[in-house]
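Novice: Structure below; questions to follow.
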Amino acid sequence: RFKNEPVCQNIDTSRIVLCYLGSVNNVIDIERIESFVKQLNLLKPCKVKVIGDGEKTDEFLCALNRTGAEVKFHGNVYDSEKKSEIMSDCHFGLNIMKPSVCVALTMKSIDYFSFDLPIINTISADTFKLVDNEKIGFNLTDDTAKTVASLSERELISLRNNVRKVFDKEFDLSVVSSKLKN
């Protein structure tokens, strides 16, 4: 996101657009992502944009295509403006990894946050608490698809505003640099 750029104030709720950003490798839970997207797509038309690549890309794209959702593969994109353009109509970023993966915070979640994008999350500990406490997305449960499909434009904008506040308070480069100095 670009400094001082306003949080999106118009969100199309006729469908749900998801983004997967990052390596497509053996730590992402392809089965769980497929299941979630399939449930969501049954409730509301869904599109998934994939930014990234890896050894599991073909398997991941096949799984996404089985959901019935529209799938758009962008490959590796490093340019912030291009990522911003791709994510501009997305509602959520997918932060879904296998249960055996234990990390405090993923780089992909910080990248999503930098573009004011709430997350659908399965990472435990710090990320789980952050999502719950700050209302910056949803920790994936059996009811998440139903919840996401029923969100109003106002609720989606509120989530984005929460993400912006958390990013500015915790993850902006100037904040992190200041914390490191201290």
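Following the order of the structure tokens, chains are lettered A, B, ..., residues in each are numbered from 1, and ligands are numbered from 1.
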Using backbone DSSP assignments, extract all strand (DSSP E) residues from region 77-125 of chain A; output them as a compact mmCIF listing (two decimals) with all heavy atoms, in the first residue's frame.
Specialist:
# COMPACT_ATOMS: atom_id res chain seq x y z
N PHE A 92 -10.10 -10.96 0.87
CA PHE A 92 -9.28 -11.63 1.89
C PHE A 92 -8.04 -12.25 1.25
O PHE A 92 -8.07 -12.66 0.09
CB PHE A 92 -10.06 -12.77 2.57
CG PHE A 92 -11.19 -12.28 3.42
CD1 PHE A 92 -12.47 -12.18 2.89
CD2 PHE A 92 -10.98 -11.92 4.74
CE1 PHE A 92 -13.52 -11.72 3.67
CE2 PHE A 92 -12.03 -11.46 5.52
CZ PHE A 92 -13.30 -11.36 4.99
N GLY A 93 -6.99 -12.34 2.06
CA GLY A 93 -5.80 -13.09 1.70
C GLY A 93 -5.84 -14.44 2.41
O GLY A 93 -6.32 -14.53 3.55
N LEU A 94 -5.38 -15.48 1.76
CA LEU A 94 -5.36 -16.81 2.34
C LEU A 94 -4.03 -17.07 3.05
O LEU A 94 -2.98 -17.04 2.43
CB LEU A 94 -5.60 -17.87 1.26
CG LEU A 94 -6.95 -17.79 0.56
CD1 LEU A 94 -7.00 -18.76 -0.61
CD2 LEU A 94 -8.09 -18.07 1.54
N ASN A 95 -4.10 -17.30 4.34
CA ASN A 95 -2.93 -17.59 5.19
C ASN A 95 -3.17 -18.96 5.82
O ASN A 95 -3.32 -19.08 7.03
CB ASN A 95 -2.79 -16.49 6.25
CG ASN A 95 -1.44 -16.50 6.92
OD1 ASN A 95 -0.41 -16.59 6.26
ND2 ASN A 95 -1.44 -16.40 8.23
N ILE A 119 -7.26 -11.33 6.49
CA ILE A 119 -6.83 -12.69 6.16
C ILE A 119 -7.81 -13.75 6.67
O ILE A 119 -8.54 -13.54 7.62
CB ILE A 119 -5.41 -13.01 6.68
CG1 ILE A 119 -5.33 -12.92 8.22
CG2 ILE A 119 -4.39 -12.12 6.01
CD1 ILE A 119 -3.99 -13.38 8.80
N ILE A 120 -7.78 -14.88 5.97
CA ILE A 120 -8.38 -16.12 6.43
C ILE A 120 -7.18 -16.93 6.89
O ILE A 120 -6.28 -17.22 6.11
CB ILE A 120 -9.15 -16.87 5.31
CG1 ILE A 120 -10.22 -15.98 4.67
CG2 ILE A 120 -9.72 -18.17 5.86
CD1 ILE A 120 -11.34 -15.54 5.58
N ASN A 121 -7.14 -17.29 8.17
CA ASN A 121 -5.92 -17.77 8.81
C ASN A 121 -6.07 -19.13 9.49
O ASN A 121 -7.11 -19.40 10.09
CB ASN A 121 -5.51 -16.72 9.86
CG ASN A 121 -4.32 -17.14 10.66
OD1 ASN A 121 -3.24 -17.30 10.12
ND2 ASN A 121 -4.52 -17.34 11.96
Novice: Compile the contact shell of Asp111 (chain A) as a ChimeraX atom specification: residues with an atom at most 10 Å away, counting only C-alpha atoms, same-chain residues fewer than 6 positions apart removed.
Specialist: /A:1,21-22,80,83,93,117,167,171
Novice: Just all heavy atoms for this one: save the residues we selected as a PDB file, in the first residue's frame.
Specialist:
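In the end it all went to out-v3.pdb:
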ATOM      1  N   ARG A   1       0.847  -1.175   0.000  1.00  0.00           N
ATOM      2  CA  ARG A   1       0.000   0.000   0.000  1.00  0.00           C
ATOM      3  C   ARG A   1       0.880   1.221   0.000  1.00  0.00           C
ATOM      4  O   ARG A   1       2.016   1.193   0.421  1.00  0.00           O
ATOM      5  CB  ARG A   1      -0.935  -0.062   1.208  1.00  0.00           C
ATOM      6  CG  ARG A   1      -1.084   1.230   1.952  1.00  0.00           C
ATOM      7  CD  ARG A   1      -2.069   1.114   3.048  1.00  0.00           C
ATOM      8  NE  ARG A   1      -1.507   0.708   4.306  1.00  0.00           N
ATOM      9  CZ  ARG A   1      -0.820   1.507   5.108  1.00  0.00           C
ATOM     10  NH1 ARG A   1      -0.563   2.733   4.788  1.00  0.00           N
ATOM     11  NH2 ARG A   1      -0.389   1.068   6.245  1.00  0.00           N
ATOM     12  N   LEU A  21      -1.006 -15.439  -1.860  1.00  0.00           N
ATOM     13  CA  LEU A  21       0.255 -14.770  -2.158  1.00  0.00           C
ATOM     14  C   LEU A  21       1.398 -15.569  -1.560  1.00  0.00           C
ATOM     15  O   LEU A  21       1.344 -15.942  -0.386  1.00  0.00           O
ATOM     16  CB  LEU A  21       0.233 -13.364  -1.531  1.00  0.00           C
ATOM     17  CG  LEU A  21       1.517 -12.547  -1.564  1.00  0.00           C
ATOM     18  CD1 LEU A  21       1.859 -12.148  -2.989  1.00  0.00           C
ATOM     19  CD2 LEU A  21       1.361 -11.304  -0.692  1.00  0.00           C
ATOM     20  N   GLY A  22       2.417 -15.852  -2.347  1.00  0.00           N
ATOM     21  CA  GLY A  22       3.620 -16.480  -1.806  1.00  0.00           C
ATOM     22  C   GLY A  22       3.976 -17.781  -2.476  1.00  0.00           C
ATOM     23  O   GLY A  22       3.411 -18.159  -3.512  1.00  0.00           O
ATOM     24  N   SER A  80       5.370  -3.717  -6.153  1.00  0.00           N
ATOM     25  CA  SER A  80       4.286  -3.341  -5.229  1.00  0.00           C
ATOM     26  C   SER A  80       3.074  -2.761  -5.952  1.00  0.00           C
ATOM     27  O   SER A  80       1.935  -3.042  -5.577  1.00  0.00           O
ATOM     28  CB  SER A  80       4.790  -2.332  -4.193  1.00  0.00           C
ATOM     29  OG  SER A  80       5.616  -2.974  -3.278  1.00  0.00           O
ATOM     30  N   LYS A  83       1.220  -5.664  -7.539  1.00  0.00           N
ATOM     31  CA  LYS A  83       0.513  -6.436  -6.510  1.00  0.00           C
ATOM     32  C   LYS A  83      -0.715  -5.674  -6.024  1.00  0.00           C
ATOM     33  O   LYS A  83      -1.778  -6.253  -5.833  1.00  0.00           O
ATOM     34  CB  LYS A  83       1.437  -6.753  -5.326  1.00  0.00           C
ATOM     35  CG  LYS A  83       2.351  -7.916  -5.573  1.00  0.00           C
ATOM     36  CD  LYS A  83       2.957  -8.451  -4.296  1.00  0.00           C
ATOM     37  CE  LYS A  83       4.082  -7.601  -3.815  1.00  0.00           C
ATOM     38  NZ  LYS A  83       4.828  -8.201  -2.690  1.00  0.00           N
ATOM     39  N   GLY A  93      -6.988 -12.344   2.056  1.00  0.00           N
ATOM     40  CA  GLY A  93      -5.801 -13.094   1.699  1.00  0.00           C
ATOM     41  C   GLY A  93      -5.844 -14.438   2.413  1.00  0.00           C
ATOM     42  O   GLY A  93      -6.315 -14.533   3.551  1.00  0.00           O
ATOM     43  N   LEU A 117      -5.440  -5.831   3.424  1.00  0.00           N
ATOM     44  CA  LEU A 117      -6.233  -7.010   3.113  1.00  0.00           C
ATOM     45  C   LEU A 117      -6.370  -7.906   4.350  1.00  0.00           C
ATOM     46  O   LEU A 117      -5.377  -8.417   4.866  1.00  0.00           O
ATOM     47  CB  LEU A 117      -5.558  -7.790   1.976  1.00  0.00           C
ATOM     48  CG  LEU A 117      -6.383  -8.813   1.231  1.00  0.00           C
ATOM     49  CD1 LEU A 117      -7.625  -8.173   0.619  1.00  0.00           C
ATOM     50  CD2 LEU A 117      -5.551  -9.450   0.129  1.00  0.00           C
ATOM     51  N   PHE A 167      -1.479  -2.636  10.876  1.00  0.00           N
ATOM     52  CA  PHE A 167      -0.244  -2.531  10.092  1.00  0.00           C
ATOM     53  C   PHE A 167       0.524  -1.271  10.483  1.00  0.00           C
ATOM     54  O   PHE A 167       1.733  -1.324  10.732  1.00  0.00           O
ATOM     55  CB  PHE A 167      -0.530  -2.520   8.586  1.00  0.00           C
ATOM     56  CG  PHE A 167       0.733  -2.447   7.772  1.00  0.00           C
ATOM     57  CD1 PHE A 167       1.467  -3.594   7.524  1.00  0.00           C
ATOM     58  CD2 PHE A 167       1.210  -1.240   7.295  1.00  0.00           C
ATOM     59  CE1 PHE A 167       2.663  -3.537   6.806  1.00  0.00           C
ATOM     60  CE2 PHE A 167       2.391  -1.167   6.582  1.00  0.00           C
ATOM     61  CZ  PHE A 167       3.118  -2.320   6.334  1.00  0.00           C
ATOM     62  N   PHE A 171       3.588  -2.973  12.050  1.00  0.00           N
ATOM     63  CA  PHE A 171       4.421  -3.538  10.992  1.00  0.00           C
ATOM     64  C   PHE A 171       4.982  -2.555   9.979  1.00  0.00           C
ATOM     65  O   PHE A 171       5.776  -2.939   9.126  1.00  0.00           O
ATOM     66  CB  PHE A 171       3.641  -4.632  10.253  1.00  0.00           C
ATOM     67  CG  PHE A 171       3.143  -5.710  11.165  1.00  0.00           C
ATOM     68  CD1 PHE A 171       1.783  -5.896  11.366  1.00  0.00           C
ATOM     69  CD2 PHE A 171       4.024  -6.532  11.838  1.00  0.00           C
ATOM     70  CE1 PHE A 171       1.315  -6.876  12.218  1.00  0.00           C
ATOM     71  CE2 PHE A 171       3.572  -7.522  12.692  1.00  0.00           C
ATOM     72  CZ  PHE A 171       2.215  -7.693  12.890  1.00  0.00           C
TER      73      PHE A 171
END
Novice: Can you list, as a list of chain:residue names, every protein, DNA or RNA residue that comes within 10 Å of Asn25 (chain A) when you count only C-alpha atoms, leaving out same-chain residues fewer than 6 positions away?
Specialist: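 The neighbour list is A:Asp53, A:Gly54, A:Glu55, A:Lys56, A:Thr57, A:Glu59, A:Phe60, A:Met97.
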Novice: So which residues touch region 148-156 of chain A within 10 Å, counting only C-alpha atoms, skipping near sequence neighbours fewer than 2 positions away, as a ChimeraX atom specification?
Specialist: /A:8-16,39-46,91-92,117-118,120,136-138,143-146,158-162
Novice: Write to file, as a PDB file, in the first residue's frame, the residues of the selection just made, with C-alpha atoms.
Specialist:
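Writing done, so here's part.pdb:
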ATOM      1  CA  CYS A   8     -10.966   1.266  -0.061  1.00  0.00           C
ATOM      2  CA  GLN A   9     -14.463   2.606   0.571  1.00  0.00           C
ATOM      3  CA  ASN A  10     -16.301   0.677  -2.173  1.00  0.00           C
ATOM      4  CA  ILE A  11     -16.342  -3.091  -2.050  1.00  0.00           C
ATOM      5  CA  ASP A  12     -18.322  -5.293  -4.424  1.00  0.00           C
ATOM      6  CA  THR A  13     -20.219  -7.830  -2.322  1.00  0.00           C
ATOM      7  CA  SER A  14     -21.815  -9.700  -5.229  1.00  0.00           C
ATOM      8  CA  ARG A  15     -18.909 -12.158  -5.103  1.00  0.00           C
ATOM      9  CA  ILE A  16     -15.915 -12.925  -2.907  1.00  0.00           C
ATOM     10  CA  GLN A  39     -17.828 -24.139   0.558  1.00  0.00           C
ATOM     11  CA  LEU A  40     -17.599 -20.417  -0.087  1.00  0.00           C
ATOM     12  CA  ASN A  41     -18.287 -20.763  -3.805  1.00  0.00           C
ATOM     13  CA  LEU A  42     -21.476 -22.715  -3.047  1.00  0.00           C
ATOM     14  CA  LEU A  43     -22.693 -19.735  -1.001  1.00  0.00           C
ATOM     15  CA  LYS A  44     -21.499 -16.889  -3.206  1.00  0.00           C
ATOM     16  CA  PRO A  45     -19.568 -16.748  -6.496  1.00  0.00           C
ATOM     17  CA  CYS A  46     -15.875 -16.807  -5.744  1.00  0.00           C
ATOM     18  CA  HIS A  91     -11.702  -9.306   0.035  1.00  0.00           C
ATOM     19  CA  PHE A  92      -9.278 -11.627   1.886  1.00  0.00           C
ATOM     20  CA  LEU A 117      -6.233  -7.010   3.113  1.00  0.00           C
ATOM     21  CA  PRO A 118      -7.828  -9.034   5.956  1.00  0.00           C
ATOM     22  CA  ILE A 120      -8.384 -16.122   6.434  1.00  0.00           C
ATOM     23  CA  ILE A 136      -8.392  -8.313  10.956  1.00  0.00           C
ATOM     24  CA  GLY A 137      -9.932 -11.375   9.348  1.00  0.00           C
ATOM     25  CA  PHE A 138     -11.048 -14.810  10.461  1.00  0.00           C
ATOM     26  CA  ASP A 143     -18.493 -21.712   9.781  1.00  0.00           C
ATOM     27  CA  THR A 144     -16.039 -19.274   8.181  1.00  0.00           C
ATOM     28  CA  ALA A 145     -17.366 -19.658   4.635  1.00  0.00           C
ATOM     29  CA  LYS A 146     -20.902 -18.854   5.830  1.00  0.00           C
ATOM     30  CA  SER A 158     -14.404  -2.150   8.828  1.00  0.00           C
ATOM     31  CA  LEU A 159     -12.107  -5.187   8.534  1.00  0.00           C
ATOM     32  CA  ARG A 160      -9.875  -3.284   6.095  1.00  0.00           C
ATOM     33  CA  ASN A 161      -9.735  -0.299   8.457  1.00  0.00           C
ATOM     34  CA  ASN A 162      -8.735  -2.620  11.303  1.00  0.00           C
TER      35      ASN A 162
END
Novice: For Leu18 (chain A), which of A:Glu70, A:Asp79, A:Glu170, A:Asp116 is the closest residue, counting only C-alpha atoms?
Specialist: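 Going through A:Glu70, A:Asp79, A:Glu170, A:Asp116 one by one, the smallest distance to Leu18 (chain A) is for A:Glu70.
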Novice: Return the single residue from A:Lys98, A:Lys72, A:Lys129, A:Lys169 that is closest to Ile86 (chain A), with distances computed using only C-alpha atoms.
Specialist: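 Smallest separation from Ile86 (chain A) among the options: A:Lys72.
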Novice: Excluding same-chain residues fewer than 6 positions from Pro99 (chain A), what lies within 10 Å of it counting only C-alpha atoms, as a PyMOL selection string?
Specialist: chain A and resi 27-29+122-124
Novice: Give the answer as one residue: which of A:Val166, A:Glu81, A:Lys108, A:Phe128 has the shortest atom-to-atom distance to Leu140 (chain A), using only C-alpha atoms?
Specialist: A:Phe128
Novice: Which value, in Å to one decimal, gives the distance between CA of Ala125 (chain A) and CA of Leu105 (chain A)?
Specialist: 8.7 Å
Novice: Please provide the set of residues having any atom within 10 Å of Leu64 (chain A), restricted to only C-alpha atoms, with same-chain residues fewer than 2 positions apart removed, written as a ChimeraX atom specification.
Specialist: /A:30-31,33-35,37-38,47-48,50,58-62,66-72
Novice: For each of A:Ala63, A:Ile96, A:Val17, A:Glu85, take the minimum atom-to-atom distance to Thr141 (chain A), counting only C-alpha atoms, then give the residue where this is smallest.
Specialist: A:Ile96
Novice: Take CA of Cys90 (chain A) and CA of Cys19 (chain A) and report the distance between them in Å, one decimal.
Specialist: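 Between CA of Cys90 (chain A) and CA of Cys19 (chain A) the gap works out to 6.4 Å.
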Novice: Using only C-alpha atoms for the distances, tell me which of A:Ser88, A:Thr127, A:Ser114, A:Asn133 is nearest to Cys102 (chain A).
Specialist: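 When distances to Cys102 (chain A) are compared using only C-alpha atoms, the smallest one comes from A:Thr127.
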Novice: From the DSSP assignment of the backbone, select every residue of region 120-175 of chain A that is alpha helix (DSSP H), and format the answer as an NGL selection string.
Specialist: :A and (126-134 or 144-149 or 153-166 or 173-175)
Novice: Which distance in Å separates CA of Ser23 (chain A) and CA of Phe115 (chain A), to one decimal?
Specialist: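 Separation between CA of Ser23 (chain A) and CA of Phe115 (chain A): 18.1 Å.
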